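Source file: protein09.pdb. Holds: PDB, C-alpha atoms.
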MODEL        1
ATOM      1  CA  MET A   1      77.473 115.946 109.999
ATOM      2  CA  LYS A   2      79.424 118.705 108.196
ATOM      3  CA  GLY A   3      82.704 116.938 109.061
ATOM      4  CA  LEU A   4      81.344 113.668 107.698
ATOM      5  CA  VAL A   5      80.809 115.276 104.289
ATOM      6  CA  ILE A   6      83.978 117.379 104.195
ATOM      7  CA  ARG A   7      86.424 114.627 105.210
ATOM      8  CA  PRO A   8      85.616 112.200 102.351
ATOM      9  CA  LEU A   9      85.617 115.157  99.929
ATOM     10  CA  ILE A  10      89.110 116.206 101.052
ATOM     11  CA  MET A  11      90.324 112.606 100.778
ATOM     12  CA  LEU A  12      88.813 112.335  97.287
ATOM     13  CA  LEU A  13      90.545 115.577  96.260
ATOM     14  CA  VAL A  14      93.918 114.419  97.626
ATOM     15  CA  VAL A  15      93.669 111.040  95.887
ATOM     16  CA  SER A  16      92.585 112.658  92.586
ATOM     17  CA  ALA A  17      95.464 115.139  92.782
ATOM     18  CA  MET A  18      97.823 112.226  93.425
ATOM     19  CA  PHE A  19      96.631 110.338  90.345
ATOM     20  CA  LEU A  20      96.681 113.417  88.124
ATOM     21  CA  SER A  21     100.205 114.343  89.193
ATOM     22  CA  SER A  22     101.379 110.738  88.665
ATOM     23  CA  ALA A  23     100.255 110.818  85.054
ATOM     24  CA  ALA A  24     100.574 114.471  84.068
ATOM     25  CA  ILE A  25     103.999 115.395  85.420
ATOM     26  CA  PRO A  26     105.920 112.696  83.497
ATOM     27  CA  ALA A  27     103.988 113.513  80.337
ATOM     28  CA  MET A  28     104.973 117.172  80.670
ATOM     29  CA  ALA A  29     108.520 116.256  81.581
ATOM     30  CA  GLN A  30     109.242 113.913  78.694
ATOM     31  CA  SER A  31     109.541 116.576  76.000
ATOM     32  CA  ASP A  32     112.837 118.076  77.057
ATOM     33  CA  THR A  33     114.667 115.277  78.832
ATOM     34  CA  GLN A  34     116.225 113.591  75.826
ATOM     35  CA  ASP A  35     117.936 116.812  74.734
ATOM     36  CA  GLN A  36     119.496 117.372  78.135
ATOM     37  CA  VAL A  37     121.314 114.119  78.752
ATOM     38  CA  ALA A  38     124.259 112.357  77.210
ATOM     39  CA  THR A  39     124.484 108.565  77.165
ATOM     40  CA  THR A  40     128.131 108.028  76.275
ATOM     41  CA  VAL A  41     130.960 107.244  78.644
ATOM     42  CA  SER A  42     134.373 108.501  77.521
ATOM     43  CA  ASP A  43     136.469 106.903  80.274
ATOM     44  CA  PRO A  44     134.686 103.926  81.881
ATOM     45  CA  GLU A  45     137.283 103.488  84.650
ATOM     46  CA  ALA A  46     136.700 107.065  85.822
ATOM     47  CA  ASN A  47     133.302 105.943  87.140
ATOM     48  CA  LEU A  48     134.761 103.747  89.885
ATOM     49  CA  PRO A  49     134.014 106.276  92.671
ATOM     50  CA  TYR A  50     130.306 106.198  91.704
ATOM     51  CA  LEU A  51     130.312 102.396  91.782
ATOM     52  CA  PHE A  52     132.006 102.462  95.190
ATOM     53  CA  ALA A  53     129.498 105.071  96.431
ATOM     54  CA  VAL A  54     126.511 102.910  95.364
ATOM     55  CA  TYR A  55     127.724  99.815  97.197
ATOM     56  CA  ALA A  56     128.855 101.800 100.269
ATOM     57  CA  VAL A  57     125.540 103.681 100.570
ATOM     58  CA  THR A  58     123.503 100.464 100.144
ATOM     59  CA  TRP A  59     125.482  98.500 102.750
ATOM     60  CA  VAL A  60     125.544 101.359 105.255
ATOM     61  CA  ALA A  61     121.763 101.812 104.876
ATOM     62  CA  PHE A  62     121.006  98.100 105.396
ATOM     63  CA  PHE A  63     123.327  97.770 108.392
ATOM     64  CA  ALA A  64     121.956 100.975 109.935
ATOM     65  CA  TYR A  65     118.380  99.683 109.500
ATOM     66  CA  LEU A  66     119.269  96.268 110.976
ATOM     67  CA  TYR A  67     120.961  98.019 113.913
ATOM     68  CA  TYR A  68     117.870 100.196 114.446
ATOM     69  CA  LEU A  69     115.610  97.099 114.398
ATOM     70  CA  SER A  70     117.733  95.193 116.923
ATOM     71  CA  GLN A  71     118.052  98.188 119.299
ATOM     72  CA  ARG A  72     114.317  98.878 119.146
ATOM     73  CA  GLN A  73     113.532  95.174 119.674
ATOM     74  CA  GLN A  74     115.760  95.091 122.772
ATOM     75  CA  SER A  75     114.235  98.227 124.270
ATOM     76  CA  LEU A  76     110.687  96.951 123.594
ATOM     77  CA  ARG A  77     111.454  93.597 125.263
ATOM     78  CA  ARG A  78     112.780  95.438 128.338
ATOM     79  CA  GLU A  79     109.690  97.656 128.438
ATOM     80  CA  LEU A  80     107.382  94.667 128.021
ATOM     81  CA  GLU A  81     109.009  92.912 130.980
ATOM     82  CA  GLU A  82     108.704  96.033 133.156
ATOM     83  CA  LEU A  83     105.060  96.505 132.198
ATOM     84  CA  ARG A  84     104.221  92.841 132.896
ATOM     85  CA  GLU A  85     105.917  93.096 136.311
ATOM     86  CA  ALA A  86     103.963  96.285 137.030
ATOM     87  CA  LEU A  87     100.721  94.483 136.138
ATOM     88  CA  VAL A  88     101.570  91.567 138.448
ATOM     89  CA  GLU A  89     102.347  94.063 141.248
ATOM     90  CA  ARG A  90      99.011  95.783 140.673
ATOM     91  CA  ASP A  91      97.062  92.506 140.874
ATOM     92  CA  ARG A  92      98.627  91.514 144.232
TER      93      ARG A  92
ATOM     94  CA  MET B   1     113.004  77.318 119.468
ATOM     95  CA  ALA B   2     109.900  78.873 117.899
ATOM     96  CA  THR B   3     109.271  78.239 114.184
ATOM     97  CA  SER B   4     109.408  81.967 113.343
ATOM     98  CA  MET B   5     112.834  82.191 115.028
ATOM     99  CA  ILE B   6     114.125  79.256 112.948
ATOM    100  CA  ILE B   7     112.758  80.856 109.746
ATOM    101  CA  LYS B   8     114.358  84.189 110.668
ATOM    102  CA  LYS B   9     117.764  82.664 111.422
ATOM    103  CA  GLY B  10     117.618  80.509 108.285
ATOM    104  CA  LEU B  11     116.766  83.524 106.123
ATOM    105  CA  PHE B  12     119.560  85.551 107.741
ATOM    106  CA  VAL B  13     122.219  82.890 107.082
ATOM    107  CA  ILE B  14     121.079  82.193 103.486
ATOM    108  CA  THR B  15     120.786  85.913 102.634
ATOM    109  CA  GLY B  16     124.209  86.695 104.150
ATOM    110  CA  ALA B  17     125.866  83.861 102.208
ATOM    111  CA  MET B  18     124.149  84.863  98.954
ATOM    112  CA  MET B  19     125.176  88.509  99.436
ATOM    113  CA  LEU B  20     128.831  87.428  99.581
ATOM    114  CA  VAL B  21     128.355  85.257  96.482
ATOM    115  CA  ILE B  22     126.784  88.087  94.434
ATOM    116  CA  LEU B  23     129.561  90.487  95.471
ATOM    117  CA  TYR B  24     132.098  87.987  94.090
ATOM    118  CA  LEU B  25     130.036  87.545  90.912
ATOM    119  CA  ILE B  26     129.546  91.302  90.413
ATOM    120  CA  PHE B  27     133.155  92.354  90.894
ATOM    121  CA  ILE B  28     135.096  89.339  89.626
ATOM    122  CA  TRP B  29     132.986  86.964  87.542
ATOM    123  CA  VAL B  30     130.714  89.041  85.287
ATOM    124  CA  PRO B  31     132.272  90.781  82.232
ATOM    125  CA  THR B  32     132.400  94.581  81.997
ATOM    126  CA  GLU B  33     129.805  96.101  79.682
ATOM    127  CA  LYS B  34     131.589  97.713  76.731
ATOM    128  CA  ASN B  35     129.522 100.922  76.383
ATOM    129  CA  LEU B  36     128.797 101.850  79.998
ATOM    130  CA  GLY B  37     131.972 100.469  81.581
ATOM    131  CA  VAL B  38     132.150  99.696  85.289
ATOM    132  CA  SER B  39     129.148 101.895  86.089
ATOM    133  CA  GLN B  40     126.925  99.191  84.544
ATOM    134  CA  ARG B  41     127.703  97.064  87.626
ATOM    135  CA  ILE B  42     125.462  99.446  89.577
ATOM    136  CA  PHE B  43     122.530  97.699  87.806
ATOM    137  CA  TYR B  44     123.043  94.511  89.826
ATOM    138  CA  PHE B  45     122.021  96.409  92.952
ATOM    139  CA  HIS B  46     119.777  99.118  91.468
ATOM    140  CA  VAL B  47     117.367  96.851  89.528
ATOM    141  CA  PRO B  48     116.786  94.263  92.332
ATOM    142  CA  ILE B  49     116.347  97.075  94.882
ATOM    143  CA  ALA B  50     113.707  98.667  92.632
ATOM    144  CA  TRP B  51     111.959  95.293  92.199
ATOM    145  CA  VAL B  52     111.893  94.721  95.970
ATOM    146  CA  GLY B  53     110.455  98.232  96.443
ATOM    147  CA  PHE B  54     107.548  97.291  94.138
ATOM    148  CA  LEU B  55     107.159  93.956  95.944
ATOM    149  CA  ALA B  56     106.991  95.742  99.304
ATOM    150  CA  PHE B  57     104.244  98.055  98.045
ATOM    151  CA  SER B  58     102.264  95.042  96.766
ATOM    152  CA  PHE B  59     102.402  93.712 100.342
ATOM    153  CA  VAL B  60     101.077  97.108 101.511
ATOM    154  CA  LEU B  61      98.201  96.692  99.018
ATOM    155  CA  VAL B  62      97.434  93.130 100.189
ATOM    156  CA  GLY B  63      97.701  94.109 103.879
ATOM    157  CA  SER B  64      95.505  97.197 103.378
ATOM    158  CA  VAL B  65      92.779  95.310 101.470
ATOM    159  CA  GLY B  66      92.943  92.531 104.084
ATOM    160  CA  TYR B  67      92.575  95.047 106.909
ATOM    161  CA  LEU B  68      89.587  96.840 105.374
ATOM    162  CA  TRP B  69      87.948  93.474 104.719
ATOM    163  CA  LYS B  70      88.706  91.532 107.922
ATOM    164  CA  ARG B  71      89.555  94.366 110.383
ATOM    165  CA  THR B  72      92.221  92.258 112.112
ATOM    166  CA  SER B  73      95.483  93.816 113.295
ATOM    167  CA  GLY B  74      97.651  91.179 111.543
ATOM    168  CA  TRP B  75      96.835  92.670 108.131
ATOM    169  CA  ASP B  76      97.551  96.196 109.332
ATOM    170  CA  ARG B  77     100.850  95.024 110.846
ATOM    171  CA  LEU B  78     101.838  93.546 107.474
ATOM    172  CA  ALA B  79     100.876  96.729 105.575
ATOM    173  CA  TYR B  80     102.732  99.044 107.959
ATOM    174  CA  SER B  81     105.899  96.909 108.059
ATOM    175  CA  ALA B  82     105.956  96.498 104.267
ATOM    176  CA  ALA B  83     105.444 100.265 103.777
ATOM    177  CA  GLU B  84     108.464 101.057 105.963
ATOM    178  CA  LEU B  85     110.596  98.571 104.009
ATOM    179  CA  GLY B  86     109.205  99.855 100.705
ATOM    180  CA  VAL B  87     110.300 103.387 101.602
ATOM    181  CA  LEU B  88     113.768 102.104 102.569
ATOM    182  CA  PHE B  89     114.195 100.235  99.280
ATOM    183  CA  THR B  90     112.718 103.067  97.160
ATOM    184  CA  THR B  91     115.060 105.566  98.846
ATOM    185  CA  LEU B  92     117.983 103.320  97.903
ATOM    186  CA  MET B  93     116.584 102.924  94.378
ATOM    187  CA  LEU B  94     116.539 106.729  93.957
ATOM    188  CA  ILE B  95     120.044 107.164  95.437
ATOM    189  CA  THR B  96     121.614 104.371  93.356
ATOM    190  CA  GLY B  97     119.808 105.712  90.268
ATOM    191  CA  ILE B  98     121.175 109.208  90.886
ATOM    192  CA  LEU B  99     124.698 107.802  91.316
ATOM    193  CA  TRP B 100     124.326 105.927  88.015
ATOM    194  CA  ALA B 101     122.867 108.928  86.145
ATOM    195  CA  LYS B 102     125.740 111.313  86.856
ATOM    196  CA  PRO B 103     128.525 109.382  85.063
ATOM    197  CA  VAL B 104     126.270 108.061  82.271
ATOM    198  CA  TRP B 105     123.881 110.967  81.548
ATOM    199  CA  GLY B 106     126.117 113.742  82.877
ATOM    200  CA  VAL B 107     123.400 114.991  85.277
ATOM    201  CA  TRP B 108     122.441 113.881  88.783
ATOM    202  CA  TRP B 109     118.721 114.182  88.055
ATOM    203  CA  THR B 110     116.433 114.870  85.111
ATOM    204  CA  TRP B 111     112.643 115.148  85.069
ATOM    205  CA  ASP B 112     112.307 111.981  83.025
ATOM    206  CA  PRO B 113     108.958 110.092  83.304
ATOM    207  CA  ARG B 114     110.555 107.073  85.036
ATOM    208  CA  LEU B 115     112.435 109.202  87.533
ATOM    209  CA  THR B 116     109.478 111.495  88.182
ATOM    210  CA  THR B 117     106.965 108.681  88.764
ATOM    211  CA  SER B 118     109.507 106.956  91.059
ATOM    212  CA  LEU B 119     109.910 110.135  93.112
ATOM    213  CA  ILE B 120     106.097 110.434  93.356
ATOM    214  CA  LEU B 121     105.920 106.797  94.526
ATOM    215  CA  TRP B 122     108.470 107.536  97.248
ATOM    216  CA  LEU B 123     106.541 110.660  98.325
ATOM    217  CA  ILE B 124     103.230 108.730  98.486
ATOM    218  CA  TYR B 125     104.619 106.115 100.879
ATOM    219  CA  VAL B 126     106.535 108.697 102.946
ATOM    220  CA  ALA B 127     103.101 110.347 103.306
ATOM    221  CA  TYR B 128     101.710 106.931 104.353
ATOM    222  CA  LEU B 129     104.307 106.671 107.156
ATOM    223  CA  MET B 130     103.615 110.269 108.219
ATOM    224  CA  LEU B 131      99.896 109.504 108.296
ATOM    225  CA  ARG B 132     100.612 106.509 110.557
ATOM    226  CA  ALA B 133     102.739 108.675 112.837
ATOM    227  CA  TYR B 134     100.272 111.546 113.210
ATOM    228  CA  SER B 135      96.812 109.962 112.824
ATOM    229  CA  PRO B 136      94.876 108.570 115.817
ATOM    230  CA  LYS B 137      96.034 105.181 117.127
ATOM    231  CA  GLY B 138      93.838 102.137 116.602
ATOM    232  CA  ASP B 139      91.221 101.425 113.972
ATOM    233  CA  GLN B 140      90.708 104.977 112.667
ATOM    234  CA  GLY B 141      94.385 105.588 111.812
ATOM    235  CA  ALA B 142      94.722 102.108 110.330
ATOM    236  CA  ARG B 143      91.671 102.683 108.100
ATOM    237  CA  TYR B 144      92.970 106.039 106.753
ATOM    238  CA  ALA B 145      96.349 104.439 106.062
ATOM    239  CA  ALA B 146      94.759 101.424 104.345
ATOM    240  CA  VAL B 147      92.928 103.764 101.911
ATOM    241  CA  LEU B 148      96.189 105.580 101.114
ATOM    242  CA  GLY B 149      98.053 102.250 100.865
ATOM    243  CA  ILE B 150      95.590 101.003  98.232
ATOM    244  CA  ALA B 151      95.335 104.311  96.304
ATOM    245  CA  GLY B 152      99.103 104.798  96.338
ATOM    246  CA  PHE B 153      99.686 101.435  94.693
ATOM    247  CA  ILE B 154      98.246 102.848  91.435
ATOM    248  CA  ASP B 155     101.635 104.517  90.942
ATOM    249  CA  VAL B 156     103.543 101.184  90.912
ATOM    250  CA  PRO B 157     102.357 100.053  87.434
ATOM    251  CA  LEU B 158     102.758 103.670  86.283
ATOM    252  CA  VAL B 159     106.435 103.619  87.318
ATOM    253  CA  TYR B 160     106.987 100.254  85.632
ATOM    254  CA  MET B 161     105.162 101.153  82.396
ATOM    255  CA  SER B 162     106.484 104.745  82.191
ATOM    256  CA  ILE B 163     109.344 103.616  79.923
ATOM    257  CA  VAL B 164     106.814 102.063  77.508
ATOM    258  CA  TRP B 165     104.096 104.736  77.585
ATOM    259  CA  TRP B 166     106.305 107.863  77.479
ATOM    260  CA  ARG B 167     109.457 108.940  75.652
ATOM    261  CA  THR B 168     112.281 108.387  78.118
ATOM    262  CA  VAL B 169     116.061 108.220  78.419
ATOM    263  CA  HIS B 170     115.880 105.495  81.076
ATOM    264  CA  PRO B 171     117.112 102.036  79.908
ATOM    265  CA  GLN B 172     114.399  99.535  78.938
ATOM    266  CA  ALA B 173     112.908  97.086  81.467
ATOM    267  CA  LEU B 174     115.040  94.001  82.217
ATOM    268  CA  ILE B 175     112.566  92.211  84.519
ATOM    269  CA  GLY B 176     108.830  91.548  84.181
ATOM    270  CA  PRO B 177     106.209  91.526  81.390
ATOM    271  CA  ALA B 178     107.493  94.702  79.651
ATOM    272  CA  ALA B 179     111.115  93.472  79.581
ATOM    273  CA  THR B 180     112.706  94.239  76.196
ATOM    274  CA  GLY B 181     116.256  95.205  77.200
ATOM    275  CA  GLU B 182     119.056  93.154  75.596
ATOM    276  CA  LEU B 183     121.491  91.578  78.029
ATOM    277  CA  ASP B 184     124.409  89.162  77.866
ATOM    278  CA  PRO B 185     123.372  85.695  79.278
ATOM    279  CA  SER B 186     125.907  85.866  82.147
ATOM    280  CA  MET B 187     124.702  89.372  83.060
ATOM    281  CA  ARG B 188     121.073  88.214  82.959
ATOM    282  CA  LEU B 189     121.896  85.225  85.188
ATOM    283  CA  LEU B 190     123.641  87.476  87.696
ATOM    284  CA  LEU B 191     120.717  89.904  87.658
ATOM    285  CA  MET B 192     118.345  87.015  88.479
ATOM    286  CA  ILE B 193     120.583  85.746  91.324
ATOM    287  CA  SER B 194     120.890  89.275  92.702
ATOM    288  CA  THR B 195     117.108  89.774  92.505
ATOM    289  CA  LEU B 196     116.554  86.513  94.390
ATOM    290  CA  THR B 197     119.071  87.569  97.068
ATOM    291  CA  PHE B 198     117.395  90.941  97.607
ATOM    292  CA  THR B 199     113.987  89.256  97.723
ATOM    293  CA  LEU B 200     115.300  86.982 100.506
ATOM    294  CA  LEU B 201     116.710  90.032 102.309
ATOM    295  CA  PHE B 202     113.272  91.649 102.071
ATOM    296  CA  ALA B 203     111.636  88.476 103.455
ATOM    297  CA  TYR B 204     114.038  88.490 106.429
ATOM    298  CA  LEU B 205     113.501  92.195 107.133
ATOM    299  CA  LEU B 206     109.711  91.814 106.805
ATOM    300  CA  VAL B 207     109.570  88.925 109.313
ATOM    301  CA  ASP B 208     111.736  90.973 111.716
ATOM    302  CA  ARG B 209     109.714  94.186 111.267
ATOM    303  CA  VAL B 210     106.365  92.426 111.715
ATOM    304  CA  SER B 211     107.560  90.871 114.989
ATOM    305  CA  LEU B 212     108.790  94.302 116.154
ATOM    306  CA  ARG B 213     105.417  95.822 115.290
ATOM    307  CA  ARG B 214     103.676  93.083 117.309
ATOM    308  CA  ASN B 215     105.782  94.034 120.344
ATOM    309  CA  GLU B 216     105.051  97.744 119.796
ATOM    310  CA  GLU B 217     101.315  97.017 119.820
ATOM    311  CA  GLU B 218     101.617  94.863 122.962
ATOM    312  CA  VAL B 219     103.482  97.664 124.752
ATOM    313  CA  GLU B 220     100.710 100.109 123.749
ATOM    314  CA  VAL B 221      98.038  97.783 125.165
ATOM    315  CA  LEU B 222      99.901  97.219 128.457
ATOM    316  CA  ARG B 223     100.584 100.949 128.813
ATOM    317  CA  GLY B 224      96.860 101.551 128.374
ATOM    318  CA  LEU B 225      96.119  99.116 131.215
ATOM    319  CA  ILE B 226      98.682 100.626 133.593
ATOM    320  CA  GLU B 227      98.496 104.387 132.846
ATOM    321  CA  PRO B 228      95.086 104.988 134.548
ATOM    322  CA  LEU B 229      96.576 103.656 137.789
ATOM    323  CA  ARG B 230      99.562 106.031 137.815
TER     324      ARG B 230
ENDMDL
END
Whole structure, structure tokens version:
Amino acid sequence: MKGLVIRPLIMLLVVSAMFLSSAAIPAMAQSDTQDQVATTVSDPEANLPYLFAVYAVTWVAFFAYLYYLSQRQQSLRRELEELREALVERDR
Amino acid sequence: MATSMIIKKGLFVITGAMMLVILYLIFIWVPTEKNLGVSQRIFYFHVPIAWVGFLAFSFVLVGSVGYLWKRTSGWDRLAYSAAELGVLFTTLMLITGILWAKPVWGVWWTWDPRLTTSLILWLIYVAYLMLRAYSPKGDQGARYAAVLGIAGFIDVPLVYMSIVWWRTVHPQALIGPAATGELDPSMRLLLMISTLTFTLLFAYLLVDRVSLRRNEEEVEVLRGLIEPLR
């Protein structure tokens, strides 16, 4: 009974904290950000390494994720076959 | 061949071809922006990736509401798969944003409202995946995650509207109802094509991830049937 009351209370607290932080942190942060950053680019060509880094990171991440999906799919199919065979063996 | 397999292969071929086309358009066709230089070309990946992140979290919302309403595993499968993809795309959004900020703002990171709310969004859905990993299997874990999936979505409009509601150094919105940013017509066209391409990539990955999740669940069920005998 105690757990039934405490659990929703904890969840309510976590969710409230989440909402408050979502709204309050940016509001507190906004005051000093504009003084800190510059928005001019003196030599545009000097930024090529950053451009290269963006495209490299994005492609590597997508290929790595696709590779993970295909490897996991293969291993699951193998496991499924083994489990089905084991079930057939059990029923004999 | 099953219909889902045909859809998956079709999406893969179309997305792959469109990726090559947008790379040509980004590096050869579109003009260089005069103020930001070549670093502006980061936008053609950064903005669509951010959009797809939001789209993925809307699927988490739909899947979570559907699960709490119907209690069928299909909805939960959709929510879980979309959350994983949302985290992938949001991670890339943060990384590409950081790599754009350094040459343009002179800092890797600043506690700007847009950046801060985006980081919070990423943390919320990383927490969602951790909850899925450590909570009990079955209905109880799925229910906890569905509540977090719905509550966490509140941050999506906050991220989008942060550049309107708070003072920020982040460029204005280029896509959606709050879009006010000025853009050359060829750049706008390319941004739209790139957004469409990334949306197709998301569709392909979602179909693939949902089918993987189905197999994971089937393995769990079969293991449950066999384990008591071992």
Identify every residue of chain B that has at least one atom within 8 Å of any atom of chain A, counting all atoms listed in the file, and report the result as a ChimeraX atom specification. /B:35-39,41-42,45,92,95-96,99-100,103-107,110-114,116-117,120,148,151,154-155,158,166-169,208-209,212,215-216,218-219,222-223,226
Evaluate the PyMOL selection byres ((chain B and resi 186) around 12) here and jot the selected residues down as a PyMOL selection string. chain B and resi 25-26+29-33+44+182-185+187-193
Kindly resolve the PyMOL selection byres ((chain B and resi 130-140) around 10) on the present coordinates and return the residues as a list in words.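 Applying the expression gives Tyr67, Leu68, Arg71, Thr72, Ser73, Asp76, Tyr80, Ile124, Tyr125, Val126, Ala127, Tyr128, Leu129, Gly141, Ala142, Arg143, Tyr144, Ala145, Ala146, Leu148, Glu217 and Glu220 of chain B.
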Atom CA of Gly66 of chain B and atom CA of Ser81 of chain B are how many Å apart? 14.2 Å
Nearest residue to Leu55 of chain B from the set B:Ala178, B:Val164, B:Val156, B:Val147 (distances using only C-alpha atoms):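 Comparing B:Ala178, B:Val164, B:Val156, B:Val147 against Leu55 of chain B, the winner is B:Val156.
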Would you mind telling me which residue in B:Val65, B:Leu88, B:Leu11, B:Ser4 lies nearest to Ala64 of chain A when using only C-alpha atoms?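 Looking at the shortest contact to Ala64 of chain A, the residue is B:Leu88.
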Please compute the atom CA of Gly152 of chain B-atom CA of Glu84 of chain B distance, one decimal, in Å. 13.9 Å
